[in-house]
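Accompanying notes for the structure given below.
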Amino acid sequence: RPYGNWCRSNPASIAIDCEMCETKDPISGKSDNKALCRISVVNADNPDEVLLDTLVKPQWPVSNHRTWVNGISESDLENVQFTLKHAQTFMAALCSDQTVVVGHAVHNDLLALRMVHHCNADTAMLFTHIDETDGTPSLKNLAHGVLGREMPDVHDSVNDARVALACAHHYVAKHGRVDPVEKKYTRSSSRHRLDAADTTMLLVHRLPNTTVAEHLTEMFLAYTHVKPKKVPEIQFNGTYGKCNIEFSSKEHAELAYTSLVGEEREDKTG
């Protein structure tokens, strides 16, 4: 919406962070791995002011709460009435086409909001890793390298929005002449502390588009001697696909994971 009198009293810039879970349409079986389940919006002119911080009720039933990432459990969402539509209405009333939206990998937040916005400051794109030209630094590494702060393992979207904003302010203060940051933390350096519901599943991704569910079952049996309880339909996006494979227990899932032998590498997001 074009800037005008309607928004003159609104903040010129905001910082946002969203938490997502995975949901599944019970009719079509389609999965949404970026379903909004919490949104936090901070006033960039006054980071102490939280403009919005609320849990969000997903449209479809949740198939993976990702509690180990976002700290949000099934019981937390049980009585939530705030929906994606409410979040979209709030953002539409807050943002004009000139509002600067600050965030880390902010395209993911906008995707979860189903929101198109072109005036963004993405801290994932403003900094680089030492001795690496490919990939983007994680917010945890930025907090450590730029701000000298330690981030908790479980996300807090208000804190994440404020940290991204502080990193953006640092970039502006240095006129863009910022040093690369050390990759101190990797996804494999701190083992995921999953809740019981999530630990029965393993995410398998970058699957070639010729892969079918039977291939994955056969692979786990051949290389780990652990048979998956359920291999859902693989969700493909272009050349590659992914799916969450369910095992009979968290012990079976952990055994299957630790039994796989191969080179451990990070993806481009760190």
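Starting from 1 in every chain, residues are counted up; chains themselves are A, B, ... following the order of the structure tokens, and ligands are numbered from 1 as listed.
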Near Lys85 in chain A, within 12 Å and counting only C-alpha atoms, which residues show up once chain neighbours fewer than 5 positions away are dropped, as a ChimeraX atom specification? /A:36,56-59,90-92,112-115
Keeping only N, CA, C and O atoms, write those residues as an mmCIF file, in the first residue's frame.
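Output below, filename again_9.cif:
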```
data_model
loop_
_atom_site.group_PDB
_atom_site.id
_atom_site.type_symbol
_atom_site.label_atom_id
_atom_site.label_comp_id
_atom_site.auth_asym_id
_atom_site.auth_seq_id
_atom_site.Cartn_x
_atom_site.Cartn_y
_atom_site.Cartn_z
ATOM 1 N N LEU A 36 3.036 -20.471 9.753
ATOM 2 C CA LEU A 36 3.275 -19.499 10.818
ATOM 3 C C LEU A 36 2.678 -19.985 12.141
ATOM 4 O O LEU A 36 1.515 -20.362 12.196
ATOM 5 N N VAL A 56 0.335 -18.076 16.791
ATOM 6 C CA VAL A 56 -0.586 -18.050 15.656
ATOM 7 C C VAL A 56 -1.130 -19.464 15.434
ATOM 8 O O VAL A 56 -0.357 -20.437 15.403
ATOM 9 N N LYS A 57 -2.421 -19.564 15.291
ATOM 10 C CA LYS A 57 -3.052 -20.860 15.043
ATOM 11 C C LYS A 57 -2.905 -21.226 13.572
ATOM 12 O O LYS A 57 -3.430 -20.525 12.702
ATOM 13 N N PRO A 58 -2.207 -22.321 13.248
ATOM 14 C CA PRO A 58 -2.061 -22.706 11.839
ATOM 15 C C PRO A 58 -3.394 -23.132 11.229
ATOM 16 O O PRO A 58 -4.300 -23.597 11.926
ATOM 17 N N GLN A 59 -3.490 -22.966 9.926
ATOM 18 C CA GLN A 59 -4.727 -23.302 9.214
ATOM 19 C C GLN A 59 -4.971 -24.808 9.188
ATOM 20 O O GLN A 59 -6.088 -25.273 9.352
ATOM 21 N N PHE A 90 -2.717 -7.104 10.540
ATOM 22 C CA PHE A 90 -1.849 -6.250 11.353
ATOM 23 C C PHE A 90 -0.717 -5.674 10.514
ATOM 24 O O PHE A 90 -0.443 -4.463 10.565
ATOM 25 N N MET A 91 -0.065 -6.515 9.733
ATOM 26 C CA MET A 91 1.063 -6.054 8.917
ATOM 27 C C MET A 91 0.603 -5.064 7.852
ATOM 28 O O MET A 91 1.311 -4.095 7.547
ATOM 29 N N ALA A 92 -0.571 -5.288 7.280
ATOM 30 C CA ALA A 92 -1.096 -4.372 6.258
ATOM 31 C C ALA A 92 -1.404 -3.000 6.847
ATOM 32 O O ALA A 92 -1.256 -1.970 6.175
ATOM 33 N N ALA A 112 6.193 -17.085 5.285
ATOM 34 C CA ALA A 112 5.269 -17.601 6.296
ATOM 35 C C ALA A 112 4.045 -16.703 6.425
ATOM 36 O O ALA A 112 2.937 -17.189 6.689
ATOM 37 N N LEU A 113 4.249 -15.396 6.227
ATOM 38 C CA LEU A 113 3.144 -14.436 6.297
ATOM 39 C C LEU A 113 2.357 -14.350 4.990
ATOM 40 O O LEU A 113 1.330 -13.663 4.941
ATOM 41 N N ARG A 114 2.861 -15.012 3.936
ATOM 42 C CA ARG A 114 2.258 -14.892 2.594
ATOM 43 C C ARG A 114 2.184 -13.414 2.208
ATOM 44 O O ARG A 114 1.180 -12.917 1.712
ATOM 45 N N MET A 115 3.294 -12.726 2.432
ATOM 46 C CA MET A 115 3.355 -11.277 2.270
ATOM 47 C C MET A 115 4.424 -10.917 1.258
ATOM 48 O O MET A 115 5.549 -11.415 1.316
#
```
Which parts of range 22-211 of chain A does DSSP call strand (DSSP E) when run on the backbone here, written out as a count of residues only? 40
If you count only C-alpha atoms, which residues fall within 7 Å of Pro228 in chain A, apart from same-chain ones fewer than 6 positions away, as an mmCIF file with all heavy atoms, in the first residue's frame?
```
data_model
loop_
_atom_site.group_PDB
_atom_site.id
_atom_site.type_symbol
_atom_site.label_atom_id
_atom_site.label_comp_id
_atom_site.auth_asym_id
_atom_site.auth_seq_id
_atom_site.Cartn_x
_atom_site.Cartn_y
_atom_site.Cartn_z
ATOM 1 N N THR A 217 13.005 -46.450 2.269
ATOM 2 C CA THR A 217 12.846 -47.594 3.168
ATOM 3 C C THR A 217 13.976 -48.596 2.958
ATOM 4 O O THR A 217 14.595 -49.083 3.915
ATOM 5 C CB THR A 217 11.487 -48.277 2.933
ATOM 6 O OG1 THR A 217 10.439 -47.340 3.203
ATOM 7 C CG2 THR A 217 11.318 -49.490 3.840
ATOM 8 N N ILE A 245 10.735 -38.636 7.683
ATOM 9 C CA ILE A 245 10.530 -40.074 7.844
ATOM 10 C C ILE A 245 10.282 -40.385 9.313
ATOM 11 O O ILE A 245 11.042 -39.944 10.194
ATOM 12 C CB ILE A 245 11.748 -40.862 7.326
ATOM 13 C CG1 ILE A 245 11.926 -40.601 5.821
ATOM 14 C CG2 ILE A 245 11.600 -42.346 7.595
ATOM 15 C CD1 ILE A 245 13.110 -41.309 5.210
ATOM 16 N N GLU A 246 9.211 -41.114 9.582
ATOM 17 C CA GLU A 246 8.828 -41.436 10.954
ATOM 18 C C GLU A 246 9.333 -42.823 11.341
ATOM 19 O O GLU A 246 9.241 -43.776 10.567
ATOM 20 C CB GLU A 246 7.312 -41.375 11.103
ATOM 21 C CG GLU A 246 6.835 -41.620 12.530
ATOM 22 C CD GLU A 246 5.328 -41.545 12.660
ATOM 23 O OE1 GLU A 246 4.647 -41.249 11.655
ATOM 24 O OE2 GLU A 246 4.840 -41.793 13.777
ATOM 25 N N PHE A 247 9.856 -42.916 12.579
ATOM 26 C CA PHE A 247 10.322 -44.187 13.114
ATOM 27 C C PHE A 247 9.456 -44.583 14.313
ATOM 28 O O PHE A 247 8.695 -43.778 14.836
ATOM 29 C CB PHE A 247 11.799 -44.097 13.499
ATOM 30 C CG PHE A 247 12.718 -43.962 12.313
ATOM 31 C CD1 PHE A 247 12.958 -42.716 11.748
ATOM 32 C CD2 PHE A 247 13.312 -45.071 11.740
ATOM 33 C CE1 PHE A 247 13.790 -42.586 10.642
ATOM 34 C CE2 PHE A 247 14.128 -44.956 10.632
ATOM 35 C CZ PHE A 247 14.366 -43.715 10.076
#
```
Selected residue, from A:His144, A:His205, A:Lys34, A:Arg1, that lies nearest to His117 in chain A when counting only C-alpha atoms: A:Arg1
What are the DSSP alpha helix (DSSP H) residues of range 125-238 of chain A, as an MDAnalysis selection string? chainID A and resid 125:126 139:142 157:173 213:224
Shortest interatomic distance to Cys243 in chain A - which of A:His225, A:Thr211, A:Ser157, A:Pro180, counting only C-alpha atoms: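 Between A:His225, A:Thr211, A:Ser157, A:Pro180, the residue approaching Cys243 in chain A most closely is A:Thr211.
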Per-residue nearest contacts range 121-231 of chain A to range 13-29 of chain A, cut-off 12 Å, using only C-alpha atoms, as a tab-separated table:
```
residue	atom	partner	partner_atom	distance
A:Ala121	CA	A:Ala15	CA	9.1
A:Asp122	CA	A:Ala15	CA	10.0
A:Thr123	CA	A:Ala15	CA	10.9
A:Leu139	CA	A:Asp17	CA	11.4
A:Val154	CA	A:Glu19	CA	10.8
A:His155	CA	A:Glu19	CA	8.0
A:Asp156	CA	A:Glu19	CA	8.5
A:Ser157	CA	A:Asp17	CA	5.2
A:Val158	CA	A:Asp17	CA	6.9
A:Asn159	CA	A:Asp17	CA	8.7
A:Asp160	CA	A:Asp17	CA	6.4
A:Ala161	CA	A:Ile16	CA	5.1
A:Arg162	CA	A:Ala15	CA	6.9
A:Val163	CA	A:Ala15	CA	9.3
A:Ala164	CA	A:Ala15	CA	7.4
A:Leu165	CA	A:Ala15	CA	6.1
A:Ala166	CA	A:Ala15	CA	9.7
A:Cys167	CA	A:Ala15	CA	11.2
A:Ala168	CA	A:Ala15	CA	9.9
A:His169	CA	A:Ala15	CA	11.3
A:Asp198	CA	A:Glu22	CA	11.0
A:Leu203	CA	A:Glu22	CA	11.7
```
Take the residues that were just selected and, keeping N, CA and C atoms, output them as a compact mmCIF listing (two decimals), in the first residue's frame.
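Everything below was put into again_32.txt:
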```
# COMPACT_ATOMS: atom_id res chain seq x y z
N ALA A 121 15.70 -5.15 4.76
CA ALA A 121 17.12 -5.20 5.12
C ALA A 121 17.35 -6.58 5.74
N ASP A 122 18.04 -7.43 5.00
CA ASP A 122 18.23 -8.82 5.41
C ASP A 122 19.66 -9.01 5.88
N THR A 123 19.82 -9.24 7.19
CA THR A 123 21.17 -9.35 7.74
C THR A 123 21.90 -10.61 7.27
N LEU A 139 22.20 -16.42 12.35
CA LEU A 139 22.01 -15.32 13.29
C LEU A 139 22.83 -15.56 14.56
N VAL A 154 17.15 -22.61 21.72
CA VAL A 154 15.74 -22.51 21.33
C VAL A 154 15.44 -21.07 20.97
N HIS A 155 14.79 -20.87 19.84
CA HIS A 155 14.54 -19.52 19.34
C HIS A 155 13.56 -18.76 20.22
N ASP A 156 13.78 -17.47 20.32
CA ASP A 156 12.83 -16.52 20.90
C ASP A 156 12.69 -15.42 19.86
N SER A 157 11.54 -15.36 19.22
CA SER A 157 11.40 -14.49 18.06
C SER A 157 11.54 -13.00 18.39
N VAL A 158 11.18 -12.59 19.60
CA VAL A 158 11.41 -11.19 19.98
C VAL A 158 12.91 -10.91 20.05
N ASN A 159 13.62 -11.79 20.73
CA ASN A 159 15.07 -11.64 20.83
C ASN A 159 15.74 -11.71 19.46
N ASP A 160 15.29 -12.65 18.61
CA ASP A 160 15.87 -12.79 17.28
C ASP A 160 15.67 -11.53 16.44
N ALA A 161 14.49 -10.93 16.55
CA ALA A 161 14.22 -9.69 15.80
C ALA A 161 15.13 -8.57 16.28
N ARG A 162 15.33 -8.48 17.59
CA ARG A 162 16.18 -7.42 18.14
C ARG A 162 17.65 -7.64 17.77
N VAL A 163 18.10 -8.89 17.76
CA VAL A 163 19.49 -9.18 17.39
C VAL A 163 19.73 -8.85 15.92
N ALA A 164 18.79 -9.24 15.06
CA ALA A 164 18.92 -8.89 13.64
C ALA A 164 18.96 -7.38 13.45
N LEU A 165 18.14 -6.66 14.19
CA LEU A 165 18.12 -5.20 14.11
C LEU A 165 19.45 -4.60 14.57
N ALA A 166 19.99 -5.13 15.66
CA ALA A 166 21.28 -4.62 16.17
C ALA A 166 22.40 -4.87 15.15
N CYS A 167 22.36 -6.00 14.46
CA CYS A 167 23.36 -6.29 13.43
C CYS A 167 23.20 -5.35 12.24
N ALA A 168 21.96 -5.04 11.89
CA ALA A 168 21.72 -4.09 10.80
C ALA A 168 22.22 -2.70 11.16
N HIS A 169 21.99 -2.29 12.42
CA HIS A 169 22.50 -0.99 12.88
C HIS A 169 24.03 -0.96 12.82
N ASP A 198 8.88 -34.95 18.09
CA ASP A 198 9.74 -34.64 16.96
C ASP A 198 10.88 -35.64 16.78
N LEU A 203 14.44 -35.68 9.07
CA LEU A 203 14.25 -34.97 7.80
C LEU A 203 15.29 -35.46 6.80
```
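Of the residues listed (A:His107, A:His170, A:Lys230, A:Tyr257), A:Lys230 shows the shortest atom-to-atom separation from Asn244 in chain A; distances use only C-alpha atoms.
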So that I can check the surroundings of Gly241 in chain A, please list as a compact mmCIF listing (two decimals) with C-alpha atoms, in the first residue's frame every protein, DNA and RNA residue that reaches within 12 Å of it, counting only C-alpha atoms and ignoring chain neighbours fewer than 3 positions away.
```
# COMPACT_ATOMS: atom_id res chain seq x y z
CA LEU A 203 14.25 -34.97 7.80
CA VAL A 204 15.71 -36.35 4.57
CA HIS A 205 16.30 -33.71 1.91
CA ARG A 206 18.04 -32.99 -1.38
CA LEU A 207 16.50 -36.14 -2.78
CA PRO A 208 16.79 -36.51 -6.59
CA ASN A 209 13.46 -36.22 -8.35
CA THR A 210 13.62 -39.88 -9.34
CA THR A 211 13.43 -40.96 -5.68
CA VAL A 212 10.32 -42.77 -4.40
CA ALA A 213 9.36 -43.72 -0.84
CA PRO A 232 5.34 -40.08 3.45
CA GLU A 233 5.06 -38.82 -0.09
CA ILE A 234 8.16 -36.89 -1.05
CA GLN A 235 7.58 -33.17 -1.60
CA PHE A 236 9.51 -32.03 -4.66
CA ASN A 237 10.45 -28.46 -5.53
CA GLY A 238 12.34 -28.40 -8.81
CA ASN A 244 10.06 -36.35 7.24
```
Among listed residues A:Ala105, A:Asn43, A:Arg38, A:Glu214, nearest Leu77 in chain A (using only C-alpha atoms):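 Distance minimum relative to Leu77 in chain A lands on A:Arg38.
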Tell me, as a PyMOL selection string, which residues lie within 9 Å of Glu150 in chain A, counting only C-alpha atoms; anything in the same chain fewer than 4 positions away does not count. chain A and resi 140-141+143-144
Mind dumping the selected residues with C-alpha atoms as a short mmCIF file (atom, residue, chain, number, x, y, z; two decimals), in the first residue's frame?
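New file out.cif:
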```cif
data_model
loop_
_atom_site.label_atom_id
_atom_site.label_comp_id
_atom_site.auth_asym_id
_atom_site.auth_seq_id
_atom_site.Cartn_x
_atom_site.Cartn_y
_atom_site.Cartn_z
CA LYS A 140 23.77 -17.14 16.13
CA ASN A 141 27.14 -16.58 14.45
CA ALA A 143 25.30 -12.37 17.38
CA HIS A 144 28.62 -13.82 18.50
#
```
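The space separating CA of Leu84 in chain A from CA of Leu202 in chain A comes to 27.4 Å.
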Could you tell me which of A:Thr99, A:Thr89, A:Ser40, A:Thr200 comes closest to Glu254 in chain A if we count only C-alpha atoms?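 The answer is A:Thr200, which sits nearest to Glu254 in chain A.
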Could you give me, as a list of chain:residue names, the residues within 9 Å of Val178 in chain A, counting only C-alpha atoms and dropping anything in the same chain fewer than 3 positions from it? A:Leu126, A:Phe127, A:Val146, A:His170, A:Tyr171, A:Lys174, A:His175, A:Val181
Those residues with all heavy atoms, as a compact mmCIF listing (two decimals), in the first residue's frame please?
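Resulting contents of result.txt:
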```txt
# COMPACT_ATOMS: atom_id res chain seq x y z
N LEU A 126 23.93 -9.26 4.47
CA LEU A 126 24.83 -8.13 4.72
C LEU A 126 26.21 -8.56 5.21
O LEU A 126 27.16 -7.78 5.16
CB LEU A 126 24.21 -7.17 5.76
CG LEU A 126 22.86 -6.54 5.37
CD1 LEU A 126 22.39 -5.62 6.49
CD2 LEU A 126 22.97 -5.77 4.06
N PHE A 127 26.31 -9.79 5.70
CA PHE A 127 27.57 -10.26 6.27
C PHE A 127 28.00 -11.56 5.60
O PHE A 127 27.20 -12.26 4.98
CB PHE A 127 27.41 -10.50 7.78
CG PHE A 127 27.07 -9.26 8.57
CD1 PHE A 127 25.75 -8.84 8.70
CD2 PHE A 127 28.07 -8.52 9.16
CE1 PHE A 127 25.43 -7.71 9.43
CE2 PHE A 127 27.76 -7.38 9.89
CZ PHE A 127 26.44 -6.97 10.02
N VAL A 146 29.46 -10.23 15.69
CA VAL A 146 29.21 -8.80 15.53
C VAL A 146 28.90 -8.12 16.86
O VAL A 146 29.40 -7.04 17.16
CB VAL A 146 28.04 -8.56 14.54
CG1 VAL A 146 27.70 -7.08 14.45
CG2 VAL A 146 28.40 -9.11 13.16
N HIS A 170 24.67 -2.06 13.17
CA HIS A 170 26.13 -2.15 13.10
C HIS A 170 26.61 -1.97 11.66
O HIS A 170 27.58 -1.25 11.40
CB HIS A 170 26.59 -3.50 13.64
CG HIS A 170 28.05 -3.76 13.50
ND1 HIS A 170 28.98 -3.29 14.42
CD2 HIS A 170 28.77 -4.42 12.54
CE1 HIS A 170 30.19 -3.66 14.03
NE2 HIS A 170 30.09 -4.34 12.90
N TYR A 171 25.90 -2.62 10.73
CA TYR A 171 26.26 -2.52 9.32
C TYR A 171 26.15 -1.07 8.83
O TYR A 171 27.04 -0.57 8.13
CB TYR A 171 25.33 -3.42 8.50
CG TYR A 171 25.64 -3.47 7.03
CD1 TYR A 171 26.54 -4.40 6.50
CD2 TYR A 171 25.02 -2.59 6.13
CE1 TYR A 171 26.83 -4.45 5.15
CE2 TYR A 171 25.31 -2.63 4.78
CZ TYR A 171 26.20 -3.56 4.29
OH TYR A 171 26.47 -3.60 2.95
N LYS A 174 28.90 1.21 10.25
CA LYS A 174 30.20 0.97 9.61
C LYS A 174 30.18 1.30 8.12
O LYS A 174 31.15 1.02 7.41
CB LYS A 174 30.59 -0.50 9.79
CG LYS A 174 30.86 -0.91 11.23
CD LYS A 174 32.16 -0.32 11.74
CE LYS A 174 32.51 -0.85 13.12
NZ LYS A 174 33.79 -0.30 13.61
N HIS A 175 29.06 1.87 7.66
CA HIS A 175 28.90 2.23 6.25
C HIS A 175 29.12 1.03 5.32
O HIS A 175 29.64 1.16 4.22
CB HIS A 175 29.85 3.36 5.87
CG HIS A 175 29.70 4.58 6.72
ND1 HIS A 175 28.62 5.45 6.62
CD2 HIS A 175 30.49 5.08 7.72
CE1 HIS A 175 28.75 6.43 7.49
NE2 HIS A 175 29.86 6.23 8.18
N VAL A 181 32.53 -12.74 9.58
CA VAL A 181 32.37 -13.31 10.92
C VAL A 181 32.84 -14.76 10.95
O VAL A 181 32.81 -15.47 9.94
CB VAL A 181 30.91 -13.23 11.41
CG1 VAL A 181 30.46 -11.78 11.50
CG2 VAL A 181 29.97 -14.01 10.50
```
Exercise: Val100 in chain A partners within 10 Å, only C-alpha atoms, chain neighbours under 2 positions left out, as a ChimeraX atom specification: /A:11-15,44,95-98,102-103,117-121
Compare A:Ala87, A:Val50, A:Cys7, A:Leu111 by their minimum atom-to-atom distance to Ala35 in chain A, counting only C-alpha atoms, and give me the closest one.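 Among A:Ala87, A:Val50, A:Cys7, A:Leu111, it is A:Leu111 that comes nearest to Ala35 in chain A.
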Students should find that CA of Leu55 in chain A and CA of Phe82 in chain A are spaced 7.0 Å
Can you measure CA of Ser259 in chain A to CA of Glu218 in chain A for me? One decimal in Å is fine. 14.5 Å
